[in-house]
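Next comes structure_16.txt, a file with compact mmCIF, C-alpha atoms.
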```
# COMPACT_ATOMS: atom_id res chain seq x y z
CA MET T 620 -1.25 4.83 15.90
CA ALA T 621 0.69 8.02 15.33
CA ASP T 622 1.39 11.28 17.12
CA THR T 623 1.22 13.20 13.83
CA GLN T 624 -1.84 14.81 12.32
CA PRO T 625 -4.07 12.31 10.48
CA LEU T 626 -3.72 12.07 6.72
CA LEU T 627 -5.87 9.06 5.87
CA GLU T 628 -8.45 7.40 8.15
CA ILE T 629 -9.96 4.11 6.98
CA CYS T 630 -13.15 3.11 8.81
CA ASP T 631 -14.80 -0.30 8.24
CA LEU T 632 -13.76 -0.38 4.60
CA ARG T 633 -15.40 -3.12 2.54
CA THR T 634 -14.92 -4.10 -1.09
CA HIS T 635 -17.25 -6.90 -2.20
CA PHE T 636 -17.79 -8.56 -5.55
CA HIS T 637 -21.23 -10.10 -6.19
CA LEU T 638 -20.65 -12.88 -8.71
CA ARG T 639 -22.68 -15.87 -9.93
CA GLU T 640 -20.75 -18.20 -7.66
CA GLY T 641 -21.33 -16.01 -4.60
CA ILE T 642 -19.91 -12.96 -2.85
CA VAL T 643 -16.15 -12.36 -2.69
CA ARG T 644 -15.32 -10.17 0.32
CA ALA T 645 -11.91 -8.98 -0.86
CA VAL T 646 -11.75 -6.31 1.85
CA ASP T 647 -14.10 -6.88 4.74
CA GLY T 648 -14.07 -4.32 7.53
CA ALA T 649 -10.54 -2.91 7.42
CA SER T 650 -9.89 0.03 9.76
CA PHE T 651 -6.61 1.90 10.23
CA ALA T 652 -5.08 5.37 10.03
CA ILE T 653 -1.99 6.90 8.46
CA GLY T 654 -0.48 10.05 9.93
CA GLN T 655 1.20 12.78 7.92
CA GLY T 656 4.73 11.75 7.04
CA GLN T 657 4.27 8.29 8.58
CA ALA T 658 5.32 4.99 7.00
CA ILE T 659 3.17 1.97 7.80
CA GLY T 660 3.28 -1.55 6.43
CA LEU T 661 0.52 -3.86 5.28
CA VAL T 662 1.50 -7.55 5.22
CA GLY T 663 -0.14 -10.89 4.60
CA GLU T 664 -0.24 -13.86 2.24
CA SER T 665 -1.16 -13.47 -1.41
CA GLY T 666 -4.90 -13.03 -1.83
CA CYS T 667 -5.50 -11.55 1.63
CA GLY T 668 -6.74 -8.20 0.30
CA LYS T 669 -3.64 -5.97 0.50
CA SER T 670 -3.63 -4.73 -3.09
CA MET T 671 -7.42 -4.44 -3.20
CA THR T 672 -7.28 -2.21 -0.13
CA ALA T 673 -4.88 0.11 -1.97
CA ARG T 674 -6.98 0.09 -5.12
CA THR T 675 -10.09 0.85 -3.10
CA ILE T 676 -8.43 3.88 -1.52
CA LEU T 677 -7.58 5.20 -4.99
CA ARG T 678 -10.98 4.12 -6.37
CA ILE T 679 -9.44 2.08 -9.18
CA THR T 680 -11.41 -1.08 -8.41
CA PRO T 681 -13.32 -2.84 -11.21
CA PRO T 682 -16.79 -1.44 -11.97
CA THR T 683 -18.37 -4.56 -10.47
CA ALA T 684 -16.93 -3.82 -7.01
CA ARG T 685 -19.26 -2.60 -4.27
CA VAL T 686 -17.36 -0.31 -1.92
CA MET T 687 -18.68 0.53 1.55
CA GLY T 688 -17.32 2.19 4.66
CA GLN T 689 -15.33 5.40 4.87
CA ALA T 690 -11.90 6.59 3.73
CA TRP T 691 -11.34 10.11 5.06
CA PHE T 692 -8.47 11.85 3.30
CA HIS T 693 -7.27 15.11 4.86
CA ARG T 694 -6.30 17.17 1.84
CA ARG T 695 -3.33 19.47 2.13
CA GLN T 696 -3.90 23.21 1.91
CA PRO T 697 -2.66 25.36 -0.98
CA ASP T 698 0.83 26.82 -0.77
CA ALA T 699 0.49 30.21 0.92
CA SER T 700 2.86 31.75 -1.63
CA ARG T 701 0.50 30.77 -4.43
CA ASP T 702 -2.90 31.09 -2.77
CA THR T 703 -3.66 33.83 -0.27
CA THR T 704 -7.06 32.44 0.70
CA SER T 705 -7.35 30.88 4.12
CA ARG T 706 -9.35 27.65 4.32
CA PRO T 707 -9.89 25.23 7.21
CA PRO T 708 -8.47 21.70 6.85
CA GLU T 709 -10.58 19.74 4.38
CA ALA T 710 -11.42 16.06 4.93
CA VAL T 711 -13.10 14.24 2.05
CA ASP T 712 -14.52 10.72 1.95
CA LEU T 713 -12.94 8.92 -0.99
CA VAL T 714 -15.59 6.18 -0.84
CA GLN T 715 -18.37 8.65 -1.63
CA MET T 716 -16.62 9.97 -4.75
CA ASP T 717 -17.49 8.85 -8.25
CA ARG T 718 -14.62 6.55 -9.28
CA THR T 719 -14.42 8.31 -12.66
CA GLY T 720 -15.38 11.81 -11.49
CA PRO T 721 -13.26 14.97 -11.41
CA GLU T 722 -12.88 14.98 -7.60
CA ILE T 723 -11.05 11.65 -7.33
CA ARG T 724 -9.13 12.33 -10.56
CA ALA T 725 -7.76 15.52 -9.01
CA ILE T 726 -6.51 13.53 -6.00
CA ARG T 727 -5.32 10.39 -7.79
CA GLY T 728 -1.73 10.84 -8.92
CA ALA T 729 -1.39 14.33 -7.44
CA GLU T 730 -2.08 13.91 -3.70
CA ILE T 731 -2.18 10.11 -3.50
CA ALA T 732 0.12 8.22 -5.87
CA MET T 733 0.79 4.52 -6.29
CA ILE T 734 3.76 2.39 -7.31
CA PHE T 735 2.43 -0.79 -8.90
CA GLN T 736 3.90 -4.28 -8.55
CA GLU T 737 5.37 -4.77 -12.00
CA PRO T 738 6.48 -1.66 -13.93
CA MET T 739 6.86 -3.61 -17.19
CA SER T 740 3.11 -4.24 -17.26
CA SER T 741 2.16 -0.92 -15.62
CA PHE T 742 3.91 1.31 -18.16
CA SER T 743 2.54 1.60 -21.69
CA PRO T 744 4.94 -0.28 -23.99
CA VAL T 745 4.29 2.09 -26.93
CA HIS T 746 5.16 5.36 -25.16
CA THR T 747 8.46 6.55 -23.75
CA ILE T 748 8.77 6.82 -19.98
CA GLY T 749 9.25 10.56 -20.39
CA SER T 750 5.93 11.01 -22.18
CA GLN T 751 4.16 9.02 -19.47
CA ILE T 752 5.73 10.96 -16.60
CA SER T 753 5.04 14.26 -18.40
CA GLU T 754 1.42 13.25 -18.90
CA ALA T 755 0.90 13.03 -15.14
CA ILE T 756 2.51 16.45 -14.66
CA LEU T 757 0.41 18.06 -17.41
CA LEU T 758 -2.74 16.55 -15.95
CA HIS T 759 -2.27 17.99 -12.46
CA GLN T 760 -0.11 21.08 -12.90
CA ALA T 761 -0.60 24.24 -14.97
CA VAL T 762 2.56 23.94 -17.09
CA ASP T 763 3.36 23.61 -20.79
CA GLN T 764 4.97 20.65 -22.52
CA ARG T 765 8.53 22.01 -22.19
CA GLU T 766 8.17 22.63 -18.44
CA ALA T 767 6.57 19.21 -17.96
CA ARG T 768 9.58 17.58 -19.64
CA ARG T 769 11.96 19.58 -17.46
CA ARG T 770 10.10 18.45 -14.33
CA ALA T 771 10.08 14.84 -15.58
CA ILE T 772 13.88 14.96 -15.94
CA GLU T 773 14.07 16.49 -12.47
CA ALA T 774 11.97 13.61 -11.08
CA LEU T 775 14.23 11.05 -12.77
CA GLU T 776 17.28 12.76 -11.28
CA LEU T 777 15.61 12.67 -7.87
CA VAL T 778 15.26 8.88 -7.99
CA GLY T 779 18.83 8.36 -9.19
CA MET T 780 18.14 7.44 -12.81
CA PRO T 781 21.48 7.36 -14.67
CA ASN T 782 21.70 9.90 -17.51
CA PRO T 783 18.06 11.06 -17.23
CA GLN T 784 18.35 13.44 -20.23
CA ARG T 785 18.87 10.42 -22.47
CA ASN T 786 16.82 7.77 -20.70
CA ILE T 787 13.72 9.96 -20.60
CA ASP T 788 13.23 9.16 -24.31
CA ARG T 789 13.59 5.40 -23.89
CA TYR T 790 10.75 2.87 -23.93
CA PRO T 791 10.15 0.62 -20.90
CA HIS T 792 11.56 -2.49 -22.63
CA GLN T 793 14.84 -0.63 -23.21
CA LEU T 794 15.44 -0.25 -19.47
CA SER T 795 16.61 -2.76 -16.88
CA GLY T 796 14.26 -3.85 -14.09
CA GLY T 797 15.83 -1.49 -11.58
CA MET T 798 15.69 1.45 -14.00
CA ARG T 799 12.03 0.74 -14.82
CA GLN T 800 11.25 0.72 -11.11
CA ARG T 801 13.03 4.04 -10.66
CA ALA T 802 11.00 5.44 -13.54
CA MET T 803 7.79 4.20 -11.89
CA ILE T 804 8.79 5.89 -8.62
CA ALA T 805 9.64 9.08 -10.53
CA GLN T 806 6.18 9.07 -12.11
CA ALA T 807 4.55 8.60 -8.71
CA LEU T 808 6.61 11.43 -7.16
CA SER T 809 6.36 13.85 -10.07
CA CYS T 810 3.54 15.81 -8.39
CA ARG T 811 4.94 15.49 -4.84
CA PRO T 812 2.05 13.46 -3.32
CA ALA T 813 1.16 13.59 0.37
CA LEU T 814 0.67 9.79 0.39
CA LEU T 815 2.58 7.20 -1.62
CA ILE T 816 1.14 3.68 -1.85
CA ALA T 817 3.92 1.22 -2.68
CA ASP T 818 2.45 -2.12 -3.74
CA GLU T 819 5.24 -4.72 -3.71
CA PRO T 820 7.67 -2.18 -5.24
CA THR T 821 10.62 -4.59 -5.29
CA THR T 822 8.89 -7.62 -6.82
CA ALA T 823 11.04 -9.49 -9.39
CA LEU T 824 14.14 -7.42 -8.59
CA ASP T 825 17.45 -8.97 -7.60
CA VAL T 826 18.64 -8.52 -4.02
CA THR T 827 21.14 -5.75 -4.81
CA THR T 828 18.62 -3.71 -6.81
CA GLN T 829 15.97 -4.30 -4.16
CA ALA T 830 18.25 -2.85 -1.48
CA GLN T 831 18.94 0.21 -3.67
CA ILE T 832 15.23 0.83 -4.30
CA LEU T 833 14.33 0.48 -0.61
CA LYS T 834 17.08 2.90 0.41
CA LEU T 835 15.94 5.31 -2.28
CA MET T 836 12.33 5.24 -1.03
CA LYS T 837 13.38 5.75 2.57
CA ASP T 838 15.59 8.71 1.63
CA LEU T 839 12.83 10.25 -0.50
CA GLN T 840 10.30 9.90 2.29
CA ARG T 841 12.62 11.73 4.66
CA GLU T 842 13.42 14.41 2.08
CA LEU T 843 9.85 15.03 0.88
CA GLY T 844 8.04 14.41 4.17
CA MET T 845 5.40 12.20 2.56
CA ALA T 846 3.51 9.29 4.12
CA ILE T 847 3.94 5.77 2.71
CA LEU T 848 1.65 2.76 2.79
CA PHE T 849 4.09 -0.09 2.10
CA ILE T 850 2.39 -3.29 0.89
CA THR T 851 4.43 -6.49 0.90
CA HIS T 852 4.58 -10.08 2.10
CA ASP T 853 8.20 -9.63 3.20
CA LEU T 854 8.43 -8.92 6.94
CA GLY T 855 12.13 -8.12 6.59
CA VAL T 856 11.26 -5.23 4.28
CA ILE T 857 8.59 -4.07 6.73
CA ALA T 858 11.11 -4.03 9.60
CA ARG T 859 13.44 -1.83 7.56
CA MET T 860 10.93 0.55 5.98
CA THR T 861 8.11 1.22 8.47
CA ARG T 862 7.32 2.21 12.05
CA HIS T 863 3.90 0.57 12.31
CA VAL T 864 2.56 -2.62 10.71
CA LEU T 865 -0.87 -4.04 9.89
CA VAL T 866 -1.30 -7.78 9.43
CA MET T 867 -4.16 -8.72 7.10
CA TYR T 868 -5.87 -12.08 6.62
CA MET T 869 -8.78 -12.70 4.26
CA GLY T 870 -9.80 -9.08 4.06
CA LYS T 871 -9.50 -8.26 7.77
CA VAL T 872 -6.75 -6.57 9.77
CA VAL T 873 -6.05 -9.18 12.47
CA GLU T 874 -3.19 -7.39 14.24
CA SER T 875 -1.88 -3.83 14.32
CA ALA T 876 1.20 -2.73 16.27
CA PRO T 877 4.45 -0.75 16.18
CA VAL T 878 7.10 -2.76 14.34
CA GLU T 879 9.32 -3.31 17.39
CA ARG T 880 6.40 -4.50 19.51
CA LEU T 881 5.12 -6.82 16.79
CA PHE T 882 8.48 -8.51 16.25
CA ALA T 883 9.19 -8.76 19.97
CA GLY T 884 5.78 -10.11 20.98
CA PRO T 885 3.34 -11.02 18.20
CA GLN T 886 -0.07 -11.81 19.67
CA HIS T 887 -2.21 -13.20 16.86
CA PRO T 888 -1.51 -16.85 15.93
CA TYR T 889 -1.34 -15.90 12.26
CA THR T 890 1.32 -13.25 12.92
CA GLN T 891 3.27 -15.72 15.05
CA ALA T 892 3.16 -18.25 12.21
CA LEU T 893 4.38 -15.67 9.70
CA LEU T 894 7.34 -14.77 11.89
CA ARG T 895 8.21 -18.43 12.48
CA SER T 896 8.40 -18.95 8.73
CA ILE T 897 11.28 -16.46 8.40
CA PRO T 898 14.65 -18.29 8.13
CA ARG T 899 17.32 -17.14 10.60
CA LEU T 900 21.05 -17.18 9.93
CA LYS T 901 22.02 -18.35 13.43
CA ARG T 902 19.52 -21.20 13.57
CA LYS T 903 20.08 -24.54 11.85
CA LEU T 904 16.90 -25.84 10.24
CA ASP T 905 16.08 -29.07 8.44
CA ARG T 906 13.08 -27.36 6.88
CA LEU T 907 11.26 -24.05 7.08
CA ALA T 908 8.23 -23.69 9.33
CA VAL T 909 4.95 -23.58 7.42
CA ILE T 910 1.42 -22.52 8.27
CA PRO T 911 -0.77 -25.64 8.20
CA GLY T 912 -3.69 -25.79 5.81
CA SER T 913 -4.37 -23.33 3.03
CA VAL T 914 -6.10 -20.03 2.45
CA PRO T 915 -9.89 -20.57 2.44
CA ASP T 916 -11.99 -20.48 -0.72
CA PRO T 917 -13.18 -16.85 -0.96
CA PHE T 918 -16.65 -18.08 -1.94
CA ARG T 919 -16.89 -20.34 1.13
CA LEU T 920 -15.31 -18.52 4.03
CA PRO T 921 -15.43 -20.36 7.37
CA ALA T 922 -17.81 -19.10 10.05
CA GLY T 923 -16.36 -17.17 12.97
CA CYS T 924 -12.66 -16.34 12.83
CA ARG T 925 -11.43 -16.96 9.31
CA PHE T 926 -8.11 -18.28 10.54
CA HIS T 927 -9.55 -20.84 12.96
CA PRO T 928 -9.26 -23.89 10.59
CA ARG T 929 -5.48 -23.32 10.55
CA CYS T 930 -5.06 -22.05 14.11
CA PRO T 931 -3.40 -24.19 16.84
CA LEU T 932 -5.18 -22.13 19.54
CA ALA T 933 -8.69 -22.41 18.09
CA ILE T 934 -11.43 -22.92 20.71
CA ALA T 935 -14.26 -25.19 19.54
CA GLY T 936 -17.65 -23.59 19.90
CA VAL T 937 -16.12 -20.11 20.12
CA CYS T 938 -13.69 -19.38 17.29
CA ASP T 939 -15.82 -21.24 14.75
CA VAL T 940 -19.04 -19.43 15.72
CA ALA T 941 -18.54 -15.67 16.07
CA GLU T 942 -16.04 -13.22 14.60
CA PRO T 943 -13.55 -12.04 17.25
CA PRO T 944 -13.66 -8.36 18.26
CA ASP T 945 -10.78 -5.97 17.70
CA VAL T 946 -9.24 -5.53 21.17
CA GLU T 947 -6.40 -3.29 22.37
CA VAL T 948 -3.73 -5.32 24.19
CA GLY T 949 -1.10 -2.61 24.60
CA SER T 950 -0.08 0.86 23.53
CA SER T 951 -1.09 1.15 19.84
CA HIS T 952 -1.32 -2.66 19.73
CA ARG T 953 -4.62 -4.21 18.66
CA VAL T 954 -5.48 -7.87 18.03
CA ARG T 955 -8.52 -9.67 16.65
CA CYS T 956 -8.33 -13.02 18.51
CA VAL T 957 -10.49 -14.50 21.27
CA ALA T 958 -7.82 -17.03 22.31
CA VAL T 959 -5.37 -14.22 23.02
CA THR T 960 -7.61 -11.52 24.48
CA GLY T 961 -10.07 -13.80 26.28
CA SER T 962 -12.94 -11.54 25.17
```
Hey, can you dump this file as structure tokens for me?
Amino acid sequence: MADTQPLLEICDLRTHFHLREGIVRAVDGASFAIGQGQAIGLVGESGCGKSMTARTILRITPPTARVMGQAWFHRRQPDASRDTTSRPPEAVDLVQMDRTGPEIRAIRGAEIAMIFQEPMSSFSPVHTIGSQISEAILLHQAVDQREARRRAIEALELVGMPNPQRNIDRYPHQLSGGMRQRAMIAQALSCRPALLIADEPTTALDVTTQAQILKLMKDLQRELGMAILFITHDLGVIARMTRHVLVMYMGKVVESAPVERLFAGPQHPYTQALLRSIPRLKRKLDRLAVIPGSVPDPFRLPAGCRFHPRCPLAIAGVCDVAEPPDVEVGSSHRVRCVAVTGS
């Protein structure tokens, strides 16, 4: 997927919930990799498992979740100016860590950070944004309260927060949507993570603010050299922000390709349907294209390919019987579809 050194390698990741009504397979066999400094996108309809994949990586799933598979995170080495010891590259399996243990707590927020969908509900309403950003710095860095505040102001300046010396002492409800989102990004970047997971970071923002936030994130990625996992349902955002894209449907990655290749020649019927649903300025339409049918009941998933009840290319006796294999159809382009690959 990338020519860079691997940073995160996801292998057959599964997050299941065993409930009275049955088993919910929120993530069911996802496999992908993120290289150091690489930006990849994860797209799909609501409920397809995008956010749960991110939460599983960070091990912030509910206690009832059963997590299986592997998530190898290649931890960065200490700064040579601060640590003279020489250690080989360290790869740790996030899945095997205790979700409340010290190992994952040392990684979460410091080496892997996350921007959540709605900052108004993600920030504590009874603490200032400065105290919440400083808390993350104090947790992961050996500094005192004064230095933590200085670094929090520095992080707010980095993300373009107007008058950070004053706004650092404001509560979330005192800030506009765009300013809250900048504060959320500042909190995520305060410890300079190697991987930033951005889960719908521009939800509920107006178009102008959305464009500013996306430009900010792209500039920060270039400046800090961090990798980004960009989660969204907006393919236009994916085209602007990433180099590689994963398409997810009902917990499975059904297509994976470089952005240019995916937009030029989508192979999976689900990806094709998603692209057809995007309105185009030069095309006159009476109505937008829609994907027929609806997302299956998670308690009663169809046998075989999970998209086959909605797929125009479905083959009776094949697609409704066995799950399609993940097949490579081009350079860094993989598809999970029997009708396309003929496998």
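Distance-wise, CA of Leu894 (chain T) and CA of Pro911 (chain T) end up 14.1 Å apart.
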Q: Tell me, as a PyMOL selection string, which residues lie within 12 Å of Gly884 (chain T), counting all atoms listed in the file; anything in the same chain fewer than 3 positions away does not count.
A: chain T and resi 874-881+887-888+890-891+894+948-949+952+954
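Straight-line separation from CA of Asp945 (chain T) to CA of Phe918 (chain T): 23.8 Å.
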Q: Using all atoms listed in the file, determine which residues lie at most 6 Å from region 717-731 of chain T, disregarding the query and same-chain residues fewer than 5 positions distant; provide the list as a VMD selection string.
A: chain T and resid 678 810 812 to 815
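When CA of Leu839 (chain T) is paired with CA of Gly668 (chain T), their separation reads 26.9 Å.
Comparing T:Arg694, T:Arg633, T:Arg644, T:Arg799 by their smallest distance to Arg919 (chain T), the closest is T:Arg644 (using all atoms listed in the file).
Among T:Leu833, T:Ala935, T:Cys956, T:Leu757, the residue with the shortest atom-to-atom distance to Pro885 (chain T), counting all atoms listed in the file, is T:Cys956.
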